[in-house]
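Peer 1: The structure file final-v1.pdb (PDB, C-alpha atoms and all ligand atoms) is provided below.
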MODEL        1
ATOM      1  CA  MET S   1      60.757 -51.411 -14.111  1.00  0.00           C
ATOM      2  CA  LYS S   2      58.625 -52.197 -11.062  1.00  0.00           C
ATOM      3  CA  PRO S   3      54.944 -52.795 -11.814  1.00  0.00           C
ATOM      4  CA  THR S   4      52.465 -50.754  -9.785  1.00  0.00           C
ATOM      5  CA  ILE S   5      49.513 -52.579  -8.281  1.00  0.00           C
ATOM      6  CA  ALA S   6      46.563 -50.706  -6.765  1.00  0.00           C
ATOM      7  CA  LEU S   7      44.382 -52.175  -4.019  1.00  0.00           C
ATOM      8  CA  VAL S   8      40.829 -50.866  -4.210  1.00  0.00           C
ATOM      9  CA  GLY S   9      37.414 -51.779  -2.818  1.00  0.00           C
ATOM     10  CA  ARG S  10      34.638 -50.686  -0.468  1.00  0.00           C
ATOM     11  CA  PRO S  11      35.536 -49.478   3.040  1.00  0.00           C
ATOM     12  CA  ASN S  12      36.469 -52.088   5.645  1.00  0.00           C
ATOM     13  CA  VAL S  13      36.933 -55.050   3.277  1.00  0.00           C
ATOM     14  CA  GLY S  14      40.552 -55.583   4.392  1.00  0.00           C
ATOM     15  CA  LYS S  15      42.686 -53.650   1.862  1.00  0.00           C
ATOM     16  CA  SER S  16      45.133 -52.311   4.448  1.00  0.00           C
ATOM     17  CA  THR S  17      45.444 -55.743   6.059  1.00  0.00           C
ATOM     18  CA  LEU S  18      46.492 -57.185   2.698  1.00  0.00           C
ATOM     19  CA  PHE S  19      48.798 -54.208   2.073  1.00  0.00           C
ATOM     20  CA  ASN S  20      50.593 -54.873   5.369  1.00  0.00           C
ATOM     21  CA  ARG S  21      50.905 -58.577   4.630  1.00  0.00           C
ATOM     22  CA  LEU S  22      52.344 -58.015   1.144  1.00  0.00           C
ATOM     23  CA  THR S  23      54.745 -55.273   2.226  1.00  0.00           C
ATOM     24  CA  ARG S  24      55.613 -57.198   5.412  1.00  0.00           C
ATOM     25  CA  SER S  25      54.945 -54.063   7.397  1.00  0.00           C
ATOM     26  CA  ARG S  26      52.479 -52.451   9.718  1.00  0.00           C
ATOM     27  CA  ASP S  27      52.586 -49.216   7.784  1.00  0.00           C
ATOM     28  CA  ALA S  28      48.899 -49.142   6.943  1.00  0.00           C
ATOM     29  CA  LEU S  29      46.454 -48.626   9.793  1.00  0.00           C
ATOM     30  CA  VAL S  30      43.848 -51.351  10.191  1.00  0.00           C
ATOM     31  CA  ALA S  31      40.626 -51.025  12.194  1.00  0.00           C
ATOM     32  CA  ASP S  32      37.239 -52.563  12.557  1.00  0.00           C
ATOM     33  CA  PHE S  33      35.410 -49.538  11.202  1.00  0.00           C
ATOM     34  CA  PRO S  34      35.189 -48.103   7.702  1.00  0.00           C
ATOM     35  CA  GLY S  35      36.990 -45.016   6.425  1.00  0.00           C
ATOM     36  CA  LEU S  36      40.315 -45.383   8.187  1.00  0.00           C
ATOM     37  CA  THR S  37      42.517 -45.106   5.105  1.00  0.00           C
ATOM     38  CA  ARG S  38      41.897 -41.794   3.380  1.00  0.00           C
ATOM     39  CA  ASP S  39      44.542 -41.146   0.759  1.00  0.00           C
ATOM     40  CA  ARG S  40      46.888 -43.230  -1.362  1.00  0.00           C
ATOM     41  CA  HIS S  41      49.613 -45.068   0.472  1.00  0.00           C
ATOM     42  CA  TYR S  42      52.613 -46.590  -1.317  1.00  0.00           C
ATOM     43  CA  GLY S  43      54.761 -49.524  -0.287  1.00  0.00           C
ATOM     44  CA  ILE S  44      57.147 -52.054  -1.792  1.00  0.00           C
ATOM     45  CA  GLY S  45      56.326 -55.742  -1.948  1.00  0.00           C
ATOM     46  CA  ARG S  46      58.568 -58.528  -3.202  1.00  0.00           C
ATOM     47  CA  ILE S  47      58.242 -62.014  -4.563  1.00  0.00           C
ATOM     48  CA  GLY S  48      61.699 -63.522  -4.332  1.00  0.00           C
ATOM     49  CA  HIS S  49      63.919 -60.711  -5.620  1.00  0.00           C
ATOM     50  CA  LYS S  50      61.205 -59.214  -7.788  1.00  0.00           C
ATOM     51  CA  PRO S  51      59.925 -55.945  -6.325  1.00  0.00           C
ATOM     52  CA  TYR S  52      56.632 -54.268  -7.106  1.00  0.00           C
ATOM     53  CA  ILE S  53      54.922 -51.092  -5.924  1.00  0.00           C
ATOM     54  CA  LEU S  54      51.721 -51.591  -3.978  1.00  0.00           C
ATOM     55  CA  VAL S  55      49.201 -48.774  -3.436  1.00  0.00           C
ATOM     56  CA  ASP S  56      46.686 -48.967  -0.583  1.00  0.00           C
ATOM     57  CA  THR S  57      43.670 -46.708  -1.027  1.00  0.00           C
ATOM     58  CA  GLY S  58      40.743 -45.432   1.023  1.00  0.00           C
ATOM     59  CA  GLY S  59      37.360 -47.137   0.831  1.00  0.00           C
ATOM     60  CA  PHE S  60      35.726 -46.572  -2.542  1.00  0.00           C
ATOM     61  CA  GLU S  61      32.088 -45.438  -2.171  1.00  0.00           C
ATOM     62  CA  PRO S  62      31.046 -45.005  -5.809  1.00  0.00           C
ATOM     63  CA  LEU S  63      27.683 -43.343  -5.039  1.00  0.00           C
ATOM     64  CA  ILE S  64      28.913 -40.515  -2.799  1.00  0.00           C
ATOM     65  CA  GLU S  65      28.565 -37.064  -4.368  1.00  0.00           C
ATOM     66  CA  SER S  66      30.270 -34.765  -1.872  1.00  0.00           C
ATOM     67  CA  GLY S  67      32.533 -34.507   1.168  1.00  0.00           C
ATOM     68  CA  VAL S  68      35.539 -36.504   2.267  1.00  0.00           C
ATOM     69  CA  MET S  69      34.182 -39.789   0.897  1.00  0.00           C
ATOM     70  CA  LEU S  70      34.038 -38.252  -2.581  1.00  0.00           C
ATOM     71  CA  GLU S  71      37.669 -37.182  -2.266  1.00  0.00           C
ATOM     72  CA  MET S  72      38.551 -40.724  -1.176  1.00  0.00           C
ATOM     73  CA  ALA S  73      36.750 -42.152  -4.209  1.00  0.00           C
ATOM     74  CA  ARG S  74      38.767 -39.743  -6.386  1.00  0.00           C
ATOM     75  CA  GLN S  75      41.989 -40.907  -4.729  1.00  0.00           C
ATOM     76  CA  SER S  76      41.049 -44.528  -5.395  1.00  0.00           C
ATOM     77  CA  GLU S  77      40.297 -43.772  -9.023  1.00  0.00           C
ATOM     78  CA  GLN S  78      43.595 -41.923  -9.392  1.00  0.00           C
ATOM     79  CA  ALA S  79      45.413 -44.961  -8.009  1.00  0.00           C
ATOM     80  CA  THR S  80      43.749 -47.162 -10.625  1.00  0.00           C
ATOM     81  CA  TYR S  81      44.806 -44.774 -13.419  1.00  0.00           C
ATOM     82  CA  GLU S  82      48.439 -44.927 -12.247  1.00  0.00           C
ATOM     83  CA  ALA S  83      48.449 -48.708 -11.773  1.00  0.00           C
ATOM     84  CA  ASP S  84      49.544 -51.443 -14.153  1.00  0.00           C
ATOM     85  CA  ALA S  85      47.110 -53.896 -12.524  1.00  0.00           C
ATOM     86  CA  VAL S  86      44.328 -53.599  -9.948  1.00  0.00           C
ATOM     87  CA  ILE S  87      43.418 -55.851  -7.049  1.00  0.00           C
ATOM     88  CA  PHE S  88      39.720 -55.283  -6.400  1.00  0.00           C
ATOM     89  CA  MET S  89      38.908 -56.493  -2.904  1.00  0.00           C
ATOM     90  CA  VAL S  90      35.440 -57.589  -1.790  1.00  0.00           C
ATOM     91  CA  ASP S  91      34.161 -58.982   1.494  1.00  0.00           C
ATOM     92  CA  GLY S  92      33.437 -62.690   1.053  1.00  0.00           C
ATOM     93  CA  ARG S  93      31.568 -62.874   4.348  1.00  0.00           C
ATOM     94  CA  ASN S  94      29.154 -60.041   3.589  1.00  0.00           C
ATOM     95  CA  GLY S  95      28.727 -61.141  -0.025  1.00  0.00           C
ATOM     96  CA  MET S  96      28.071 -58.970  -3.074  1.00  0.00           C
ATOM     97  CA  THR S  97      26.786 -55.423  -2.632  1.00  0.00           C
ATOM     98  CA  PRO S  98      25.471 -52.909  -5.194  1.00  0.00           C
ATOM     99  CA  GLN S  99      28.617 -50.823  -4.599  1.00  0.00           C
ATOM    100  CA  ASP S 100      30.791 -53.781  -5.595  1.00  0.00           C
ATOM    101  CA  ARG S 101      28.926 -53.965  -8.887  1.00  0.00           C
ATOM    102  CA  LEU S 102      29.430 -50.236  -9.531  1.00  0.00           C
ATOM    103  CA  ILE S 103      33.126 -50.417  -8.717  1.00  0.00           C
ATOM    104  CA  ALA S 104      33.509 -53.430 -11.035  1.00  0.00           C
ATOM    105  CA  ASN S 105      31.844 -51.466 -13.843  1.00  0.00           C
ATOM    106  CA  LYS S 106      34.252 -48.562 -13.361  1.00  0.00           C
ATOM    107  CA  LEU S 107      37.262 -50.857 -13.264  1.00  0.00           C
ATOM    108  CA  ARG S 108      36.233 -52.639 -16.440  1.00  0.00           C
ATOM    109  CA  THR S 109      36.531 -49.404 -18.399  1.00  0.00           C
ATOM    110  CA  LEU S 110      40.239 -49.157 -17.483  1.00  0.00           C
ATOM    111  CA  ASN S 111      41.203 -52.026 -19.764  1.00  0.00           C
ATOM    112  CA  LYS S 112      43.801 -53.183 -17.260  1.00  0.00           C
ATOM    113  CA  PRO S 113      44.189 -56.574 -15.610  1.00  0.00           C
ATOM    114  CA  ILE S 114      41.740 -56.794 -12.684  1.00  0.00           C
ATOM    115  CA  TYR S 115      42.057 -59.431  -9.939  1.00  0.00           C
ATOM    116  CA  VAL S 116      39.147 -59.891  -7.543  1.00  0.00           C
ATOM    117  CA  ALA S 117      40.350 -60.699  -4.013  1.00  0.00           C
ATOM    118  CA  ILE S 118      37.447 -62.279  -2.112  1.00  0.00           C
ATOM    119  CA  ASN S 119      38.613 -61.609   1.423  1.00  0.00           C
ATOM    120  CA  LYS S 120      37.717 -62.915   4.907  1.00  0.00           C
ATOM    121  CA  VAL S 121      36.874 -66.444   3.713  1.00  0.00           C
ATOM    122  CA  GLU S 122      38.934 -68.371   6.237  1.00  0.00           C
ATOM    123  CA  GLY S 123      36.797 -71.341   7.234  1.00  0.00           C
ATOM    124  CA  VAL S 124      34.307 -70.664   4.419  1.00  0.00           C
ATOM    125  CA  ASP S 125      33.692 -72.976   1.437  1.00  0.00           C
ATOM    126  CA  LYS S 126      35.718 -71.338  -1.366  1.00  0.00           C
ATOM    127  CA  VAL S 127      33.364 -72.405  -4.165  1.00  0.00           C
ATOM    128  CA  ILE S 128      30.396 -70.827  -2.393  1.00  0.00           C
ATOM    129  CA  ALA S 129      32.430 -67.707  -1.587  1.00  0.00           C
ATOM    130  CA  ILE S 130      33.311 -67.240  -5.266  1.00  0.00           C
ATOM    131  CA  SER S 131      29.868 -68.044  -6.672  1.00  0.00           C
ATOM    132  CA  ASP S 132      28.331 -64.955  -5.090  1.00  0.00           C
ATOM    133  CA  PHE S 133      30.661 -62.744  -7.157  1.00  0.00           C
ATOM    134  CA  TYR S 134      30.318 -64.381 -10.593  1.00  0.00           C
ATOM    135  CA  GLU S 135      27.867 -61.738 -11.642  1.00  0.00           C
ATOM    136  CA  LEU S 136      30.588 -59.084 -11.431  1.00  0.00           C
ATOM    137  CA  GLY S 137      31.647 -60.487 -14.774  1.00  0.00           C
ATOM    138  CA  LEU S 138      35.347 -60.412 -13.860  1.00  0.00           C
ATOM    139  CA  GLU S 139      37.352 -63.518 -14.603  1.00  0.00           C
ATOM    140  CA  ASN S 140      40.197 -63.655 -12.116  1.00  0.00           C
ATOM    141  CA  MET S 141      38.780 -64.464  -8.689  1.00  0.00           C
ATOM    142  CA  TYR S 142      40.871 -65.346  -5.629  1.00  0.00           C
ATOM    143  CA  PRO S 143      39.280 -66.389  -2.340  1.00  0.00           C
ATOM    144  CA  LEU S 144      41.701 -65.504   0.466  1.00  0.00           C
ATOM    145  CA  SER S 145      42.208 -64.400   4.016  1.00  0.00           C
ATOM    146  CA  ALA S 146      44.379 -61.304   4.380  1.00  0.00           C
ATOM    147  CA  THR S 147      44.547 -61.870   8.129  1.00  0.00           C
ATOM    148  CA  HIS S 148      45.582 -65.515   8.004  1.00  0.00           C
ATOM    149  CA  GLY S 149      47.428 -65.434   4.697  1.00  0.00           C
ATOM    150  CA  ASP S 150      45.609 -68.283   2.910  1.00  0.00           C
ATOM    151  CA  GLY S 151      45.396 -67.672  -0.826  1.00  0.00           C
ATOM    152  CA  VAL S 152      47.493 -64.489  -0.741  1.00  0.00           C
ATOM    153  CA  HIS S 153      50.576 -65.957  -2.405  1.00  0.00           C
ATOM    154  CA  LYS S 154      48.572 -67.417  -5.280  1.00  0.00           C
ATOM    155  CA  LEU S 155      46.958 -64.040  -5.924  1.00  0.00           C
ATOM    156  CA  ILE S 156      50.152 -61.980  -6.017  1.00  0.00           C
ATOM    157  CA  ASP S 157      51.982 -64.666  -7.979  1.00  0.00           C
ATOM    158  CA  ASP S 158      49.361 -64.508 -10.706  1.00  0.00           C
ATOM    159  CA  VAL S 159      49.261 -60.703 -10.682  1.00  0.00           C
ATOM    160  CA  LEU S 160      53.019 -60.503 -11.189  1.00  0.00           C
ATOM    161  CA  ARG S 161      53.126 -63.261 -13.776  1.00  0.00           C
ATOM    162  CA  GLY S 162      51.472 -60.743 -16.093  1.00  0.00           C
ATOM    163  CA  PHE S 163      54.673 -58.655 -16.006  1.00  0.00           C
ATOM    164  CA  LYS S 164      57.485 -60.476 -17.679  1.00  0.00           C
ATOM    165  CA  ASN S 165      60.044 -57.687 -17.388  1.00  0.00           C
ATOM    166  CA  VAL S 166      59.941 -57.133 -13.646  1.00  0.00           C
ATOM    167  CA  THR S 167      63.430 -55.992 -12.723  1.00  0.00           C
ATOM    168  CA  ASP S 168      65.329 -58.229 -10.375  1.00  0.00           C
ATOM    169  CA  ASP S 169      66.723 -56.425  -7.295  1.00  0.00           C
ATOM    170  CA  GLU S 170      70.151 -57.771  -8.122  1.00  0.00           C
ATOM    171  CA  GLU S 171      70.018 -56.475 -11.670  1.00  0.00           C
ATOM    172  CA  GLN S 172      69.314 -53.028 -10.269  1.00  0.00           C
ATOM    173  CA  SER S 173      72.359 -52.908  -7.979  1.00  0.00           C
ATOM    174  CA  ASP S 174      75.453 -51.020  -9.098  1.00  0.00           C
ATOM    175  CA  LYS S 175      77.622 -54.034  -9.802  1.00  0.00           C
ATOM    176  CA  ILE S 176      80.948 -53.462 -11.550  1.00  0.00           C
ATOM    177  CA  THR S 177      81.352 -55.708 -14.576  1.00  0.00           C
ATOM    178  CA  PHE S 178      84.849 -56.849 -15.680  1.00  0.00           C
ATOM    179  CA  ALA S 179      85.765 -58.232 -19.070  1.00  0.00           C
ATOM    180  CA  VAL S 180      88.844 -60.470 -19.102  1.00  0.00           C
ATOM    181  CA  ILE S 181      90.497 -60.262 -22.505  1.00  0.00           C
ATOM    182  CA  GLY S 182      93.780 -61.342 -23.947  1.00  0.00           C
TER     183      GLY S 182
HETATM  184  N1  LIG W   1      37.905 -62.301   9.437  1.00  0.00           N
HETATM  185  C1  LIG W   1      38.720 -61.520   8.739  1.00  0.00           C
HETATM  186  N2  LIG W   1      38.807 -60.207   9.021  1.00  0.00           N
HETATM  187  C2  LIG W   1      39.654 -59.453   8.279  1.00  0.00           C
HETATM  188  C3  LIG W   1      40.449 -60.006   7.238  1.00  0.00           C
HETATM  189  N3  LIG W   1      41.162 -59.002   6.680  1.00  0.00           N
HETATM  190  C4  LIG W   1      40.843 -57.878   7.348  1.00  0.00           C
HETATM  191  N4  LIG W   1      39.934 -58.138   8.319  1.00  0.00           N
HETATM  192  C5  LIG W   1      39.362 -57.191   9.291  1.00  0.00           C
HETATM  193  O1  LIG W   1      38.540 -56.258   8.605  1.00  0.00           O
HETATM  194  C6  LIG W   1      38.595 -54.981   9.254  1.00  0.00           C
HETATM  195  C7  LIG W   1      38.971 -53.920   8.232  1.00  0.00           C
HETATM  196  O2  LIG W   1      40.304 -54.150   7.810  1.00  0.00           O
HETATM  197  P1  LIG W   1      41.144 -53.001   7.064  1.00  0.00           P
HETATM  198  O3  LIG W   1      42.383 -53.673   6.538  1.00  0.00           O
HETATM  199  O4  LIG W   1      41.311 -51.796   7.926  1.00  0.00           O
HETATM  200  O5  LIG W   1      40.132 -52.675   5.874  1.00  0.00           O
HETATM  201  P2  LIG W   1      40.261 -51.514   4.781  1.00  0.00           P
HETATM  202  O6  LIG W   1      39.606 -52.051   3.535  1.00  0.00           O
HETATM  203  O7  LIG W   1      41.657 -51.033   4.646  1.00  0.00           O
HETATM  204  O8  LIG W   1      39.336 -50.394   5.416  1.00  0.00           O
HETATM  205  P3  LIG W   1      39.290 -48.805   5.030  1.00  0.00           P
HETATM  206  O9  LIG W   1      40.676 -48.276   5.074  1.00  0.00           O
HETATM  207  O10 LIG W   1      38.405 -48.231   6.097  1.00  0.00           O
HETATM  208  O11 LIG W   1      38.656 -48.737   3.670  1.00  0.00           O
HETATM  209  C8  LIG W   1      39.614 -55.132  10.399  1.00  0.00           C
HETATM  210  O12 LIG W   1      38.909 -55.396  11.580  1.00  0.00           O
HETATM  211  C9  LIG W   1      40.434 -56.336   9.975  1.00  0.00           C
HETATM  212  O13 LIG W   1      41.007 -57.013  11.057  1.00  0.00           O
HETATM  213  C10 LIG W   1      40.363 -61.416   6.988  1.00  0.00           C
HETATM  214  O14 LIG W   1      41.036 -62.010   6.138  1.00  0.00           O
HETATM  215  N5  LIG W   1      39.480 -62.121   7.769  1.00  0.00           N
HETATM  216 MG    MG W   2      42.470 -49.166   4.899  1.00  0.00          MG
ENDMDL
END
How does the structure come out when it is put into structure tokens?
Ligand SMILES: Nc1nc2c(ncn2[C@@H]2O[C@H](COP(=O)(O)OP(=O)(O)OP(=O)(O)O)[C@@H](O)[C@H]2O)c(=O)[nH]1
Ligand SMILES: [Mg+2]
Peer 2:
Amino acid sequence: MKPTIALVGRPNVGKSTLFNRLTRSRDALVADFPGLTRDRHYGIGRIGHKPYILVDTGGFEPLIESGVMLEMARQSEQATYEADAVIFMVDGRNGMTPQDRLIANKLRTLNKPIYVAINKVEGVDKVIAISDFYELGLENMYPLSATHGDGVHKLIDDVLRGFKNVTDDEEQSDKITFAVIG
């Protein structure tokens, strides 16, 4: 069975950029303004022959009470309910925001593995980048650059390590098996 991994976080932190990198596609639209991704968007990523389902989501604004942003927050939450693990992306250049704290609190109640992707830290001291987010109280923190690729492999490797029974592509193919007896 393929594990499902949801990518969530505030608008404009780089979720779709990471989605495209992991699915080796340009399926998700990326732009330098918030609110571009609006609903859930599914793709397939692979490590070696091990496939997984990746879900890109719209920016999660946890304090919005009406309108399209509320619907986007609902879509993000739905993606986290369907997922086996969640990558929670934050912006390592902007640092912690109150919304990040609220999202972290919501995610904690899921009781699922949560991985914090601290994005946009190319050229930034990784220890300093991480230290700003300690107060989220989430253990697994990964400084990375979705644009440049640094740190991305380590993140997805660790996420998938949690799933021992990931089906190999080859195991899924319709091979004919012969028994030679006599
Ligand atoms: N410097 C830097 N910029 C990045 C990185 N990743 C993404 N960006 C930029 O951040 C902006 C937002 O990227 P998106 O991938 O569209 O962000 P998003 O979280 O999907 O945004 P929404 O769909 O609006 O929630 C774009 O201008 C990206 O080029 C990174 O690793 N480093
Ligand atoms: Mg997006």
Peer 1: What would the selection look like, as number ranges by chain, if the PyMOL selection byres (((chain S and resi 7) around 12) and not hetatm) were run on the coordinates I just shared?
Peer 2: S: 4-6, 8-11, 13-20, 22, 37, 40-43, 53-60, 75-90, 107, 114-117, 156, 159
Peer 1: Find, counting all atoms listed in the file, the residue in S:Ile47, S:Asp100, S:Met69, S:Ala28 that gets nearest to Leu155 of chain S.
Peer 2: S:Ile47
Peer 1: Counting all atoms listed in the file, what is within 12 Å of Tyr142 of chain S, bar same-chain residues fewer than 2 positions away, as an MDAnalysis selection string?
Peer 2: chainID S and resid 87:92 114:121 126:127 129:131 133:134 138:140 144:146 150:159
Peer 1: Restricted to C-alpha atoms, what would the selected residues look like written as an mmCIF file, in the frame of the given file?
Peer 2:
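File result02.cif, as written:
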data_model
loop_
_atom_site.group_PDB
_atom_site.id
_atom_site.type_symbol
_atom_site.label_atom_id
_atom_site.label_comp_id
_atom_site.auth_asym_id
_atom_site.auth_seq_id
_atom_site.Cartn_x
_atom_site.Cartn_y
_atom_site.Cartn_z
ATOM 1 C CA ILE S 87 43.418 -55.851 -7.049
ATOM 2 C CA PHE S 88 39.720 -55.283 -6.400
ATOM 3 C CA MET S 89 38.908 -56.493 -2.904
ATOM 4 C CA VAL S 90 35.440 -57.589 -1.790
ATOM 5 C CA ASP S 91 34.161 -58.982 1.494
ATOM 6 C CA GLY S 92 33.437 -62.690 1.053
ATOM 7 C CA ILE S 114 41.740 -56.794 -12.684
ATOM 8 C CA TYR S 115 42.057 -59.431 -9.939
ATOM 9 C CA VAL S 116 39.147 -59.891 -7.543
ATOM 10 C CA ALA S 117 40.350 -60.699 -4.013
ATOM 11 C CA ILE S 118 37.447 -62.279 -2.112
ATOM 12 C CA ASN S 119 38.613 -61.609 1.423
ATOM 13 C CA LYS S 120 37.717 -62.915 4.907
ATOM 14 C CA VAL S 121 36.874 -66.444 3.713
ATOM 15 C CA LYS S 126 35.718 -71.338 -1.366
ATOM 16 C CA VAL S 127 33.364 -72.405 -4.165
ATOM 17 C CA ALA S 129 32.430 -67.707 -1.587
ATOM 18 C CA ILE S 130 33.311 -67.240 -5.266
ATOM 19 C CA SER S 131 29.868 -68.044 -6.672
ATOM 20 C CA PHE S 133 30.661 -62.744 -7.157
ATOM 21 C CA TYR S 134 30.318 -64.381 -10.593
ATOM 22 C CA LEU S 138 35.347 -60.412 -13.860
ATOM 23 C CA GLU S 139 37.352 -63.518 -14.603
ATOM 24 C CA ASN S 140 40.197 -63.655 -12.116
ATOM 25 C CA LEU S 144 41.701 -65.504 0.466
ATOM 26 C CA SER S 145 42.208 -64.400 4.016
ATOM 27 C CA ALA S 146 44.379 -61.304 4.380
ATOM 28 C CA ASP S 150 45.609 -68.283 2.910
ATOM 29 C CA GLY S 151 45.396 -67.672 -0.826
ATOM 30 C CA VAL S 152 47.493 -64.489 -0.741
ATOM 31 C CA HIS S 153 50.576 -65.957 -2.405
ATOM 32 C CA LYS S 154 48.572 -67.417 -5.280
ATOM 33 C CA LEU S 155 46.958 -64.040 -5.924
ATOM 34 C CA ILE S 156 50.152 -61.980 -6.017
ATOM 35 C CA ASP S 157 51.982 -64.666 -7.979
ATOM 36 C CA ASP S 158 49.361 -64.508 -10.706
ATOM 37 C CA VAL S 159 49.261 -60.703 -10.682
#
Peer 1: Could you jot down the atom CA of Asp39 of chain S to atom CA of Glu71 of chain S separation for me, Å, one decimal place?
Peer 2: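 Atom-to-atom, atom CA of Asp39 of chain S and atom CA of Glu71 of chain S are spaced 8.5 Å apart.
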Peer 1: What does the distance from atom CA of Met96 of chain S to atom CA of Pro3 of chain S come to in Å, to one decimal?
Peer 2: 28.9 Å
Peer 1: For ligand LIG 1 (chain W), which residue out of S:His148, S:Lys2, S:Arg24, S:Lys112 is the nearest one, using all atoms listed in the file?
Peer 2: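 That would be S:His148, the residue with the smallest distance to ligand LIG 1 (chain W).
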Peer 1: Quick one: of S:Ile103, S:Val124, S:Lys50, S:Gly67, who's nearest to ligand LIG 1 (chain W), counting all atoms listed in the file?
Peer 2: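 The closest residue to ligand LIG 1 (chain W) is S:Val124.
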Peer 1: From the list S:Val30, S:Ala104, S:Ile44, S:Met72, which residue is nearest ligand MG 2 (chain W) when using only C-alpha atoms and all ligand atoms?
Peer 2: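 Looking at the shortest contact to ligand MG 2 (chain W), the residue is S:Val30.
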Peer 1: With distances taken over only C-alpha atoms and all ligand atoms, which of S:Lys164, S:His49, S:Asn94, S:Thr109 is nearest to ligand LIG 1 (chain W)?
Peer 2: S:Asn94
Peer 1: Give me, please, the distance in Å between atom CA of Ala31 of chain S and atom CA of Glu135 of chain S, quoted to one decimal.
Peer 2: 29.1 Å
Peer 1: Could you tell me which of S:Glu65, S:Asp27, S:Asp32, S:Glu122 comes closest to ligand LIG 1 (chain W) if we count all atoms listed in the file?
Peer 2: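 Among S:Glu65, S:Asp27, S:Asp32, S:Glu122, it is S:Asp32 that comes nearest to ligand LIG 1 (chain W).
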Peer 1: Reconstruct N, CA, C and O atoms of segment 151-162 of chain S from the incomplete input and present them as a PDB file, keeping the file's coordinate frame.
Peer 2:
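Done, and the output landed in out07.pdb:
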ATOM      1  N   GLY S 151      45.775 -68.132   0.514  1.00  0.00           N
ATOM      2  CA  GLY S 151      45.396 -67.672  -0.826  1.00  0.00           C
ATOM      3  C   GLY S 151      46.119 -66.415  -1.289  1.00  0.00           C
ATOM      4  O   GLY S 151      46.020 -66.035  -2.454  1.00  0.00           O
ATOM      5  N   VAL S 152      46.873 -65.772  -0.392  1.00  0.00           N
ATOM      6  CA  VAL S 152      47.493 -64.489  -0.741  1.00  0.00           C
ATOM      7  C   VAL S 152      48.635 -64.682  -1.745  1.00  0.00           C
ATOM      8  O   VAL S 152      48.775 -63.931  -2.722  1.00  0.00           O
ATOM      9  N   HIS S 153      49.424 -65.725  -1.536  1.00  0.00           N
ATOM     10  CA  HIS S 153      50.576 -65.957  -2.405  1.00  0.00           C
ATOM     11  C   HIS S 153      50.123 -66.244  -3.830  1.00  0.00           C
ATOM     12  O   HIS S 153      50.681 -65.729  -4.804  1.00  0.00           O
ATOM     13  N   LYS S 154      49.092 -67.057  -3.943  1.00  0.00           N
ATOM     14  CA  LYS S 154      48.572 -67.417  -5.280  1.00  0.00           C
ATOM     15  C   LYS S 154      48.118 -66.161  -6.028  1.00  0.00           C
ATOM     16  O   LYS S 154      48.400 -65.982  -7.220  1.00  0.00           O
ATOM     17  N   LEU S 155      47.431 -65.278  -5.304  1.00  0.00           N
ATOM     18  CA  LEU S 155      46.958 -64.040  -5.924  1.00  0.00           C
ATOM     19  C   LEU S 155      48.135 -63.216  -6.464  1.00  0.00           C
ATOM     20  O   LEU S 155      48.184 -62.874  -7.641  1.00  0.00           O
ATOM     21  N   ILE S 156      49.098 -62.923  -5.613  1.00  0.00           N
ATOM     22  CA  ILE S 156      50.152 -61.980  -6.017  1.00  0.00           C
ATOM     23  C   ILE S 156      51.084 -62.622  -7.065  1.00  0.00           C
ATOM     24  O   ILE S 156      51.583 -61.958  -7.957  1.00  0.00           O
ATOM     25  N   ASP S 157      51.230 -63.931  -6.966  1.00  0.00           N
ATOM     26  CA  ASP S 157      51.982 -64.666  -7.979  1.00  0.00           C
ATOM     27  C   ASP S 157      51.361 -64.478  -9.357  1.00  0.00           C
ATOM     28  O   ASP S 157      52.058 -64.180 -10.324  1.00  0.00           O
ATOM     29  N   ASP S 158      50.056 -64.639  -9.421  1.00  0.00           N
ATOM     30  CA  ASP S 158      49.361 -64.508 -10.706  1.00  0.00           C
ATOM     31  C   ASP S 158      49.374 -63.057 -11.194  1.00  0.00           C
ATOM     32  O   ASP S 158      49.532 -62.801 -12.378  1.00  0.00           O
ATOM     33  N   VAL S 159      49.229 -62.114 -10.280  1.00  0.00           N
ATOM     34  CA  VAL S 159      49.261 -60.703 -10.682  1.00  0.00           C
ATOM     35  C   VAL S 159      50.610 -60.390 -11.329  1.00  0.00           C
ATOM     36  O   VAL S 159      50.685 -59.782 -12.394  1.00  0.00           O
ATOM     37  N   LEU S 160      51.679 -60.852 -10.695  1.00  0.00           N
ATOM     38  CA  LEU S 160      53.019 -60.503 -11.189  1.00  0.00           C
ATOM     39  C   LEU S 160      53.411 -61.298 -12.430  1.00  0.00           C
ATOM     40  O   LEU S 160      54.235 -60.841 -13.218  1.00  0.00           O
ATOM     41  N   ARG S 161      52.817 -62.455 -12.589  1.00  0.00           N
ATOM     42  CA  ARG S 161      53.126 -63.261 -13.776  1.00  0.00           C
ATOM     43  C   ARG S 161      52.803 -62.479 -15.047  1.00  0.00           C
ATOM     44  O   ARG S 161      53.401 -62.691 -16.084  1.00  0.00           O
ATOM     45  N   GLY S 162      51.839 -61.574 -14.936  1.00  0.00           N
ATOM     46  CA  GLY S 162      51.472 -60.743 -16.093  1.00  0.00           C
ATOM     47  C   GLY S 162      52.580 -59.790 -16.523  1.00  0.00           C
ATOM     48  O   GLY S 162      52.501 -59.200 -17.589  1.00  0.00           O
TER      49      GLY S 162
END
